[in-house]
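Enquirer: Structure file coords_14.pdb (PDB, C-alpha atoms) right here:
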```pdb
ATOM      1  CA  MET A   1     103.626 -10.411 104.983
ATOM      2  CA  GLY A   2     104.993  -6.883 104.982
ATOM      3  CA  GLY A   3     106.131  -7.244 101.374
ATOM      4  CA  HIS A   4     102.546  -7.536 100.107
ATOM      5  CA  ALA A   5     101.558  -4.010 101.136
ATOM      6  CA  THR A   6     102.404  -2.428  97.774
ATOM      7  CA  SER A   7      99.090  -3.629  96.294
ATOM      8  CA  TRP A   8      97.370  -1.089  98.524
ATOM      9  CA  VAL A   9      99.999   1.645  98.872
ATOM     10  CA  ASN A  10     100.463   1.992  95.097
ATOM     11  CA  MET A  11      96.900   1.303  94.030
ATOM     12  CA  GLY A  12      96.768   4.657  92.245
ATOM     13  CA  GLY A  13     100.004   4.145  90.344
ATOM     14  CA  ASN A  14     100.288   4.169  86.571
ATOM     15  CA  GLN A  15     101.923   0.750  86.364
ATOM     16  CA  LYS A  16      99.423  -1.984  85.605
ATOM     17  CA  ASP A  17     100.970  -4.341  88.167
ATOM     18  CA  GLN A  18     100.290  -1.824  90.922
ATOM     19  CA  TRP A  19      96.538  -2.146  90.583
ATOM     20  CA  LEU A  20      94.395  -4.750  92.280
ATOM     21  CA  PRO A  21      93.315  -7.815  90.300
ATOM     22  CA  ALA A  22      89.918  -7.554  88.650
ATOM     23  CA  VAL A  23      87.252  -9.724  90.232
ATOM     24  CA  SER A  24      86.561 -11.121  86.765
ATOM     25  CA  SER A  25      90.163 -12.343  86.524
ATOM     26  CA  LEU A  26      90.156 -14.303  89.776
ATOM     27  CA  GLU A  27      89.922 -18.092  89.869
ATOM     28  CA  PRO A  28      86.958 -18.772  92.198
ATOM     29  CA  LEU A  29      87.582 -20.947  95.232
ATOM     30  CA  THR A  30      84.289 -22.599  96.083
ATOM     31  CA  LYS A  31      83.451 -25.058  98.831
ATOM     32  CA  ASP A  32      83.381 -27.962  96.397
ATOM     33  CA  LYS A  33      86.888 -27.250  95.119
ATOM     34  CA  ALA A  34      89.510 -29.551  96.603
ATOM     35  CA  ARG A  35      91.719 -26.604  97.516
ATOM     36  CA  PHE A  36      88.952 -25.160  99.676
ATOM     37  CA  LYS A  37      87.714 -28.485 101.050
ATOM     38  CA  PHE A  38      91.121 -29.625 102.221
ATOM     39  CA  ALA A  39      92.470 -26.301 103.485
ATOM     40  CA  ASP A  40      94.334 -26.925 106.733
ATOM     41  CA  THR A  41      92.277 -24.306 108.585
ATOM     42  CA  ASP A  42      88.674 -23.245 109.187
ATOM     43  CA  TYR A  43      89.648 -19.584 108.706
ATOM     44  CA  PRO A  44      88.045 -19.098 105.235
ATOM     45  CA  LEU A  45      84.768 -20.762 106.212
ATOM     46  CA  ALA A  46      84.571 -18.922 109.536
ATOM     47  CA  LEU A  47      85.313 -15.582 107.850
ATOM     48  CA  LYS A  48      82.750 -16.214 105.108
ATOM     49  CA  ALA A  49      80.096 -16.994 107.699
ATOM     50  CA  ALA A  50      80.904 -13.760 109.537
ATOM     51  CA  LEU A  51      80.857 -11.635 106.360
ATOM     52  CA  ASP A  52      77.690 -13.232 104.968
ATOM     53  CA  GLY A  53      75.857 -12.452 108.212
ATOM     54  CA  ARG A  54      73.378 -14.433 110.242
ATOM     55  CA  LEU A  55      70.641 -14.126 107.631
ATOM     56  CA  GLY A  56      72.955 -15.176 104.820
ATOM     57  CA  THR A  57      71.818 -12.315 102.589
ATOM     58  CA  ARG A  58      75.353 -11.869 101.266
ATOM     59  CA  ASP A  59      77.499 -14.400  99.412
ATOM     60  CA  VAL A  60      81.146 -13.410  99.787
ATOM     61  CA  LYS A  61      83.550 -15.273  97.510
ATOM     62  CA  PHE A  62      87.224 -16.220  97.605
ATOM     63  CA  GLY A  63      89.517 -16.382  94.599
ATOM     64  CA  LEU A  64      93.108 -16.715  93.462
ATOM     65  CA  ASP A  65      94.916 -14.192  91.291
ATOM     66  CA  PRO A  66      96.493 -16.172  88.387
ATOM     67  CA  ASN A  67      99.413 -13.734  88.498
ATOM     68  CA  GLY A  68      99.706 -13.632  92.280
ATOM     69  CA  ALA A  69     100.698 -15.796  95.206
ATOM     70  CA  GLU A  70      98.736 -19.006  95.768
ATOM     71  CA  SER A  71      98.727 -18.351  99.514
ATOM     72  CA  GLU A  72      96.673 -15.164  99.085
ATOM     73  CA  TRP A  73      92.929 -15.808  99.016
ATOM     74  CA  TRP A  74      91.228 -12.679  97.672
ATOM     75  CA  VAL A  75      87.878 -11.801  99.249
ATOM     76  CA  TYR A  76      85.227 -10.249  97.020
ATOM     77  CA  ASP A  77      81.595  -9.623  96.191
ATOM     78  CA  GLU A  78      80.740 -10.913  92.727
ATOM     79  CA  ASP A  79      79.219  -7.651  91.460
ATOM     80  CA  GLU A  80      82.169  -5.460  92.514
ATOM     81  CA  PRO A  81      85.052  -4.602  90.141
ATOM     82  CA  VAL A  82      87.919  -5.284  92.570
ATOM     83  CA  PRO A  83      88.258  -7.413  95.712
ATOM     84  CA  MET A  84      88.058  -6.022  99.237
ATOM     85  CA  GLY A  85      91.328  -7.597 100.312
ATOM     86  CA  TYR A  86      92.899 -10.977 100.844
ATOM     87  CA  ILE A  87      93.558 -13.456 103.649
ATOM     88  CA  HIS A  88      96.504 -15.689 104.399
ATOM     89  CA  TRP A  89      97.599 -18.075 107.113
ATOM     90  CA  ASP A  90     100.833 -19.820 108.040
ATOM     91  CA  GLN A  91     102.782 -21.064 111.055
ATOM     92  CA  GLY A  92      99.887 -20.633 113.448
ATOM     93  CA  ASN A  93      99.108 -17.033 112.442
ATOM     94  CA  TYR A  94      96.113 -15.619 110.560
ATOM     95  CA  TYR A  95      96.342 -12.544 108.321
ATOM     96  CA  VAL A  96      93.996 -10.102 106.612
ATOM     97  CA  SER A  97      95.187  -7.435 104.156
ATOM     98  CA  SER A  98      93.178  -4.449 102.944
ATOM     99  CA  ARG A  99      93.637  -0.790 102.065
ATOM    100  CA  LEU A 100      91.718  -0.091 105.307
ATOM    101  CA  ALA A 101      94.038  -2.199 107.455
ATOM    102  CA  LEU A 102      96.452   0.488 108.631
ATOM    103  CA  ASN A 103      99.103  -1.306 110.628
ATOM    104  CA  ASN A 104     101.279   1.581 111.780
ATOM    105  CA  LYS A 105     103.354  -0.670 114.009
ATOM    106  CA  GLU A 106     104.678  -2.744 111.094
ATOM    107  CA  GLY A 107     104.175  -0.099 108.410
ATOM    108  CA  ASN A 108     101.947  -2.140 106.139
ATOM    109  CA  ASN A 109      98.308  -2.895 105.329
ATOM    110  CA  THR A 110      98.104  -6.270 107.023
ATOM    111  CA  PHE A 111      96.760  -7.355 110.406
ATOM    112  CA  LYS A 112      97.769 -10.657 111.951
ATOM    113  CA  SER A 113      96.876 -12.681 115.025
ATOM    114  CA  TYR A 114      97.351 -16.208 116.266
ATOM    115  CA  ARG A 115      93.702 -16.141 117.407
ATOM    116  CA  MET A 116      91.101 -16.679 114.693
ATOM    117  CA  ASP A 117      88.345 -14.863 116.572
ATOM    118  CA  ILE A 118      90.477 -11.728 116.836
ATOM    119  CA  ILE A 119      91.514 -11.720 113.168
ATOM    120  CA  ILE A 120      87.893 -12.224 112.066
ATOM    121  CA  ARG A 121      86.815  -9.204 114.136
ATOM    122  CA  LYS A 122      89.566  -7.184 112.472
ATOM    123  CA  ALA A 123      88.580  -8.514 109.039
ATOM    124  CA  LEU A 124      84.981  -7.406 109.547
ATOM    125  CA  LYS A 125      86.258  -3.854 110.124
ATOM    126  CA  VAL A 126      88.531  -3.636 107.075
ATOM    127  CA  LEU A 127      87.007  -5.821 104.353
ATOM    128  CA  HIS A 128      84.610  -3.445 102.599
ATOM    129  CA  PRO A 129      83.921  -2.787  98.892
ATOM    130  CA  PHE A 130      85.630   0.196  97.287
ATOM    131  CA  THR A 131      83.524   3.332  96.992
ATOM    132  CA  MET A 132      83.115   5.115  93.654
ATOM    133  CA  GLY A 133      85.300   7.906  95.002
ATOM    134  CA  GLU A 134      88.105   5.488  95.852
ATOM    135  CA  LEU A 135      87.931   3.817  92.449
ATOM    136  CA  ALA A 136      87.942   7.166  90.650
ATOM    137  CA  LEU A 137      90.786   8.602  92.713
ATOM    138  CA  ALA A 138      92.870   5.471  92.219
ATOM    139  CA  ARG A 139      92.961   5.959  88.426
ATOM    140  CA  VAL A 140      92.955   9.747  88.174
ATOM    141  CA  GLY A 141      96.761   9.693  88.252
ATOM    142  CA  ALA A 142      96.806   7.690  85.028
ATOM    143  CA  LEU A 143      94.362  10.133  83.422
ATOM    144  CA  ARG A 144      96.504  13.113  84.469
ATOM    145  CA  GLN A 145      99.522  11.390  82.916
ATOM    146  CA  HIS A 146      97.653  11.015  79.628
ATOM    147  CA  LEU A 147      96.728  14.718  79.748
ATOM    148  CA  SER A 148     100.380  15.569  80.396
ATOM    149  CA  ASN A 149     101.381  13.462  77.393
ATOM    150  CA  ALA A 150      98.834  15.341  75.255
ATOM    151  CA  SER A 151     100.317  18.634  76.445
ATOM    152  CA  ARG A 152     103.796  17.471  75.498
ATOM    153  CA  LYS A 153     102.557  16.464  72.041
ATOM    154  CA  ARG A 154     101.114  19.949  71.519
ATOM    155  CA  ARG A 155     104.505  21.489  72.310
ATOM    156  CA  GLU A 156     106.271  19.003  70.040
ATOM    157  CA  GLU A 157     103.832  19.807  67.218
ATOM    158  CA  VAL A 158     104.816  23.485  67.388
ATOM    159  CA  SER A 159     108.512  22.602  67.477
ATOM    160  CA  GLU A 160     108.221  20.339  64.424
ATOM    161  CA  ALA A 161     106.383  23.041  62.459
ATOM    162  CA  VAL A 162     109.056  25.622  63.330
ATOM    163  CA  ASN A 163     111.837  23.271  62.258
ATOM    164  CA  GLU A 164     110.249  22.846  58.842
ATOM    165  CA  ILE A 165     111.035  26.488  58.095
ATOM    166  CA  MET A 166     113.958  27.027  60.513
ATOM    167  CA  PRO A 167     115.907  23.745  60.858
ATOM    168  CA  ASN A 168     117.691  22.991  64.144
ATOM    169  CA  SER A 169     115.653  25.550  66.083
ATOM    170  CA  SER A 170     115.281  24.946  69.806
ATOM    171  CA  VAL A 171     111.680  25.791  70.655
ATOM    172  CA  ARG A 172     111.331  25.780  74.435
ATOM    173  CA  GLY A 173     107.947  27.411  74.781
ATOM    174  CA  PRO A 174     105.974  30.593  74.049
ATOM    175  CA  SER A 175     109.022  32.803  74.781
ATOM    176  CA  PHE A 176     110.567  31.540  71.538
ATOM    177  CA  PHE A 177     108.044  33.665  69.657
ATOM    178  CA  ASP A 178     109.153  36.795  71.549
ATOM    179  CA  ALA A 179     112.603  36.620  69.958
ATOM    180  CA  PRO A 180     113.314  39.479  67.490
ATOM    181  CA  ALA A 181     113.520  37.101  64.512
ATOM    182  CA  MET A 182     110.088  35.609  65.222
ATOM    183  CA  VAL A 183     108.543  39.036  65.897
ATOM    184  CA  ALA A 184     109.896  40.247  62.561
ATOM    185  CA  LEU A 185     108.611  37.119  60.809
ATOM    186  CA  LYS A 186     105.161  37.683  62.296
ATOM    187  CA  GLU A 187     105.144  41.298  61.099
ATOM    188  CA  PHE A 188     106.235  40.100  57.654
ATOM    189  CA  MET A 189     103.314  37.654  57.548
ATOM    190  CA  ASP A 190     100.899  40.358  58.696
ATOM    191  CA  SER A 191     101.983  42.468  55.758
ATOM    192  CA  GLY A 192     101.391  39.708  53.227
ATOM    193  CA  GLY A 193     104.228  37.225  53.720
ATOM    194  CA  PRO A 194     106.208  35.379  51.027
ATOM    195  CA  THR A 195     104.811  34.882  47.541
ATOM    196  CA  ASP A 196     105.811  31.220  47.566
ATOM    197  CA  LYS A 197     102.540  29.488  48.427
ATOM    198  CA  VAL A 198     104.063  26.423  50.116
ATOM    199  CA  LEU A 199     106.386  28.512  52.290
ATOM    200  CA  HIS A 200     103.526  30.885  53.142
ATOM    201  CA  GLU A 201     101.393  27.949  54.325
ATOM    202  CA  LYS A 202     104.203  26.526  56.433
ATOM    203  CA  ILE A 203     104.865  29.832  58.198
ATOM    204  CA  ALA A 204     101.150  30.460  58.691
ATOM    205  CA  ARG A 205     100.816  27.007  60.216
ATOM    206  CA  VAL A 206     103.609  27.766  62.706
ATOM    207  CA  PHE A 207     101.843  30.838  64.072
ATOM    208  CA  ALA A 208      98.413  29.198  64.013
ATOM    209  CA  LEU A 209      99.723  26.217  66.003
ATOM    210  CA  ALA A 210     101.558  28.485  68.429
ATOM    211  CA  ASP A 211      98.437  30.581  69.021
ATOM    212  CA  HIS A 212      96.257  27.528  69.586
ATOM    213  CA  ASN A 213      98.580  25.095  71.364
ATOM    214  CA  TYR A 214     100.226  27.580  73.702
ATOM    215  CA  ALA A 215      96.836  29.083  74.531
ATOM    216  CA  GLU A 216      95.817  25.580  75.631
ATOM    217  CA  GLU A 217      98.976  25.333  77.744
ATOM    218  CA  ARG A 218      98.200  28.590  79.554
ATOM    219  CA  ARG A 219      94.635  27.639  80.455
ATOM    220  CA  PRO A 220      93.974  25.991  83.823
ATOM    221  CA  ILE A 221      93.083  22.396  83.124
ATOM    222  CA  SER A 222      89.766  22.891  84.885
ATOM    223  CA  SER A 223      88.688  25.348  82.163
ATOM    224  CA  THR A 224      89.518  22.985  79.298
ATOM    225  CA  PRO A 225      87.265  20.298  77.811
ATOM    226  CA  GLU A 226      89.473  17.725  79.565
ATOM    227  CA  GLY A 227      89.320  19.477  82.947
ATOM    228  CA  ILE A 228      86.131  17.838  84.152
ATOM    229  CA  ALA A 229      85.495  14.162  83.615
ATOM    230  CA  SER A 230      83.024  11.557  84.772
ATOM    231  CA  PHE A 231      84.376   8.341  86.170
ATOM    232  CA  VAL A 232      82.068   5.582  84.968
ATOM    233  CA  HIS A 233      81.697   2.074  86.349
ATOM    234  CA  VAL A 234      79.641  -0.139  84.053
ATOM    235  CA  LYS A 235      77.883  -3.241  85.387
ATOM    236  CA  LYS A 236      75.692  -5.785  83.637
ATOM    237  CA  ASP A 237      72.386  -4.099  84.386
ATOM    238  CA  HIS A 238      73.254  -0.622  85.640
ATOM    239  CA  LEU A 239      75.816   2.154  85.458
ATOM    240  CA  ARG A 240      77.262   4.508  88.071
ATOM    241  CA  THR A 241      79.107   7.790  87.533
ATOM    242  CA  ILE A 242      80.884  10.407  89.623
ATOM    243  CA  SER A 243      82.151  13.790  88.405
ATOM    244  CA  VAL A 244      85.845  14.584  88.934
ATOM    245  CA  ASN A 245      87.697  17.913  88.788
ATOM    246  CA  ILE A 246      91.059  16.835  87.363
ATOM    247  CA  ASP A 247      92.796  19.879  88.913
ATOM    248  CA  ASP A 248      91.631  18.913  92.393
ATOM    249  CA  PRO A 249      90.541  15.274  92.271
ATOM    250  CA  LYS A 250      90.338  14.844  96.046
ATOM    251  CA  THR A 251      87.187  16.986  96.047
ATOM    252  CA  LEU A 252      85.391  14.088  94.369
ATOM    253  CA  HIS A 253      84.592  12.633  97.784
ATOM    254  CA  ALA A 254      82.077  15.460  98.147
ATOM    255  CA  GLN A 255      80.520  14.727  94.759
ATOM    256  CA  PRO A 256      77.290  12.721  94.505
ATOM    257  CA  ASN A 257      77.155   9.398  92.670
ATOM    258  CA  LEU A 258      74.677   9.103  89.846
ATOM    259  CA  LEU A 259      73.171   5.634  89.626
ATOM    260  CA  TYR A 260      71.360   4.587  86.464
ATOM    261  CA  GLN A 261      69.503   1.413  87.426
ATOM    262  CA  ASP A 262      67.729   1.442  84.077
ATOM    263  CA  LEU A 263      70.286   1.641  81.259
ATOM    264  CA  GLY A 264      67.552   3.147  79.111
ATOM    265  CA  THR A 265      67.763   6.340  81.199
ATOM    266  CA  VAL A 266      71.491   6.895  80.601
ATOM    267  CA  PRO A 267      72.059  10.077  78.512
ATOM    268  CA  GLN A 268      72.720   9.179  74.889
ATOM    269  CA  SER A 269      75.823  11.385  74.797
ATOM    270  CA  LEU A 270      77.359   9.314  77.612
ATOM    271  CA  ILE A 271      76.424   6.040  75.922
ATOM    272  CA  ASP A 272      78.005   7.235  72.659
ATOM    273  CA  LYS A 273      81.269   8.141  74.406
ATOM    274  CA  ILE A 274      81.476   4.868  76.327
ATOM    275  CA  THR A 275      80.742   2.968  73.116
ATOM    276  CA  SER A 276      83.599   4.784  71.354
ATOM    277  CA  LEU A 277      85.983   4.166  74.251
ATOM    278  CA  SER A 278      84.977   0.512  74.650
ATOM    279  CA  ILE A 279      86.713  -0.484  71.403
ATOM    280  CA  LEU A 280      90.069   0.850  72.653
ATOM    281  CA  ASN A 281      92.730  -1.195  74.362
ATOM    282  CA  ASN A 282      92.942  -0.982  78.141
ATOM    283  CA  ASP A 283      94.856   2.041  79.472
ATOM    284  CA  GLN A 284      94.275   4.001  76.235
ATOM    285  CA  TYR A 285      93.316   7.684  76.016
ATOM    286  CA  VAL A 286      91.696   9.828  73.305
ATOM    287  CA  GLN A 287      91.813  13.631  73.625
ATOM    288  CA  GLN A 288      88.488  15.314  74.445
ATOM    289  CA  LEU A 289      86.807  11.887  74.561
ATOM    290  CA  GLY A 290      88.231  10.046  77.551
ATOM    291  CA  TYR A 291      90.247   7.188  78.953
ATOM    292  CA  LYS A 292      89.573   3.468  79.060
ATOM    293  CA  PHE A 293      91.056   1.801  82.117
ATOM    294  CA  ARG A 294      89.454  -1.540  81.353
ATOM    295  CA  ASP A 295      86.158  -2.920  80.009
ATOM    296  CA  ASP A 296      84.082  -1.835  83.000
ATOM    297  CA  MET A 297      85.812   1.437  84.004
ATOM    298  CA  TYR A 298      86.178   4.671  82.053
ATOM    299  CA  TYR A 299      86.883   8.355  82.443
ATOM    300  CA  VAL A 300      84.631  10.302  80.062
ATOM    301  CA  HIS A 301      85.236  13.989  79.358
ATOM    302  CA  GLU A 302      82.119  16.093  79.798
TER     303      GLU A 302
END
```
Take the structure in the file and give it back as structure tokens.
Expert:
Amino acid sequence: MGGHATSWVNMGGNQKDQWLPAVSSLEPLTKDKARFKFADTDYPLALKAALDGRLGTRDVKFGLDPNGAESEWWVYDEDEPVPMGYIHWDQGNYYVSSRLALNNKEGNNTFKSYRMDIIIRKALKVLHPFTMGELALARVGALRQHLSNASRKRREEVSEAVNEIMPNSSVRGPSFFDAPAMVALKEFMDSGGPTDKVLHEKIARVFALADHNYAEERRPISSTPEGIASFVHVKKDHLRTISVNIDDPKTLHAQPNLLYQDLGTVPQSLIDKITSLSILNNDQYVQQLGYKFRDDMYYVHE
């Protein structure tokens, strides 16, 4: 079971296969399904009874990941975006895996026991829904990567403009414009520049891009329009947000969640941005607008 730990260890990675399966993608395993009915153990039923509680006010589900192992039964609440963990059993042992199951002895996120009562007690401690902070932190790495890509594109844009007037130039950053040739060119432009209109526009564009794009590079990300974002989880009848400082995302655990139980109270500006992002493909980013992780999760720039 140690090999399954990567689902939890790498849950914040940029690779799609390092994220947990969406609840909506799971194949439900219900009591009337043959696979559930003829399971060779009472472990799922006993665990469900323990998680649902004596009053039965909860209805925990099990499901299979179509892209995962058939032996892993994911445990989830229907209205949550990702499962709490998964269970497994073989050769007289019972297992529970979760990001909260910190098994330092074996170096993974799985507990096991040959006694069902012990593993159920452990499962009750570690099978809990993800908080908004956990969900936001798990995908902030992908957002930061998109911001880094945007930064690289700004630098490339300057380089391409320079090479239109000075082919084969190696533009490695703002220091390029401190070179004597570029200082002289800037002075020439300040005094009127070339009479050739096309050449004048190309040179002017170089300095305009350098002023703008390198100014963006020098600014702390927290002071840019992309520096603060709201992580948004959209459900059928309500919406929840949490503000994230991209420079220091771990501070988000101290940030309050905003819950909009009436979608009619959601600010129109937020609705407009989510609507624009919703038509994108998953894992797609638009500068100064935001990032779509998937249909129910977004990062929206404030």
Enquirer: Could you state the separation of atom CA of Asn213 of chain A and atom CA of Asp178 of chain A in Å, given to one decimal place?
Expert: 15.8 Å
Enquirer: My list of candidates is A:Asp262, A:Gly68, A:Gln91, A:Lys153. Which is closest to Arg240 of chain A when distances are computed with only C-alpha atoms?
Expert: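 Nearest to Arg240 of chain A: A:Asp262.
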Enquirer: With only C-alpha atoms as the basis for distance, which of A:Leu280, A:Leu185, A:Ile118, A:Val206 is at the shortest distance from Glu157 of chain A?
Expert: A:Val206
Enquirer: Check which residues satisfy the PyMOL selection byres ((chain A and resi 122-128) around 8) in the file shown, then give them as a list of chain:residue names.
Expert: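 Going through the file, the PyMOL selection byres ((chain A and resi 122-128) around 8) ends up selecting A:Leu47, A:Ala50, A:Leu51, A:Val75, A:Met84, A:Gly85, A:Val96, A:Ser98, A:Arg99, A:Leu100, A:Ala101, A:Phe111, A:Ile118, A:Ile119, A:Ile120, A:Arg121, A:Pro129, A:Phe130.
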Enquirer: Atoms to include: C-alpha atoms. Write the selected residues as a PDB file, in the coordinates of the input.
Expert:
```
ATOM      1  CA  LEU A  47      85.313 -15.582 107.850  1.00  0.00           C
ATOM      2  CA  ALA A  50      80.904 -13.760 109.537  1.00  0.00           C
ATOM      3  CA  LEU A  51      80.857 -11.635 106.360  1.00  0.00           C
ATOM      4  CA  VAL A  75      87.878 -11.801  99.249  1.00  0.00           C
ATOM      5  CA  MET A  84      88.058  -6.022  99.237  1.00  0.00           C
ATOM      6  CA  GLY A  85      91.328  -7.597 100.312  1.00  0.00           C
ATOM      7  CA  VAL A  96      93.996 -10.102 106.612  1.00  0.00           C
ATOM      8  CA  SER A  98      93.178  -4.449 102.944  1.00  0.00           C
ATOM      9  CA  ARG A  99      93.637  -0.790 102.065  1.00  0.00           C
ATOM     10  CA  LEU A 100      91.718  -0.091 105.307  1.00  0.00           C
ATOM     11  CA  ALA A 101      94.038  -2.199 107.455  1.00  0.00           C
ATOM     12  CA  PHE A 111      96.760  -7.355 110.406  1.00  0.00           C
ATOM     13  CA  ILE A 118      90.477 -11.728 116.836  1.00  0.00           C
ATOM     14  CA  ILE A 119      91.514 -11.720 113.168  1.00  0.00           C
ATOM     15  CA  ILE A 120      87.893 -12.224 112.066  1.00  0.00           C
ATOM     16  CA  ARG A 121      86.815  -9.204 114.136  1.00  0.00           C
ATOM     17  CA  PRO A 129      83.921  -2.787  98.892  1.00  0.00           C
ATOM     18  CA  PHE A 130      85.630   0.196  97.287  1.00  0.00           C
TER      19      PHE A 130
END
```
Enquirer: Between A:Arg205, A:Arg152, A:His146, A:Arg172, single out the one closest to Phe293 of chain A, counting only C-alpha atoms.
Expert: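 Smallest separation from Phe293 of chain A among the options: A:His146.
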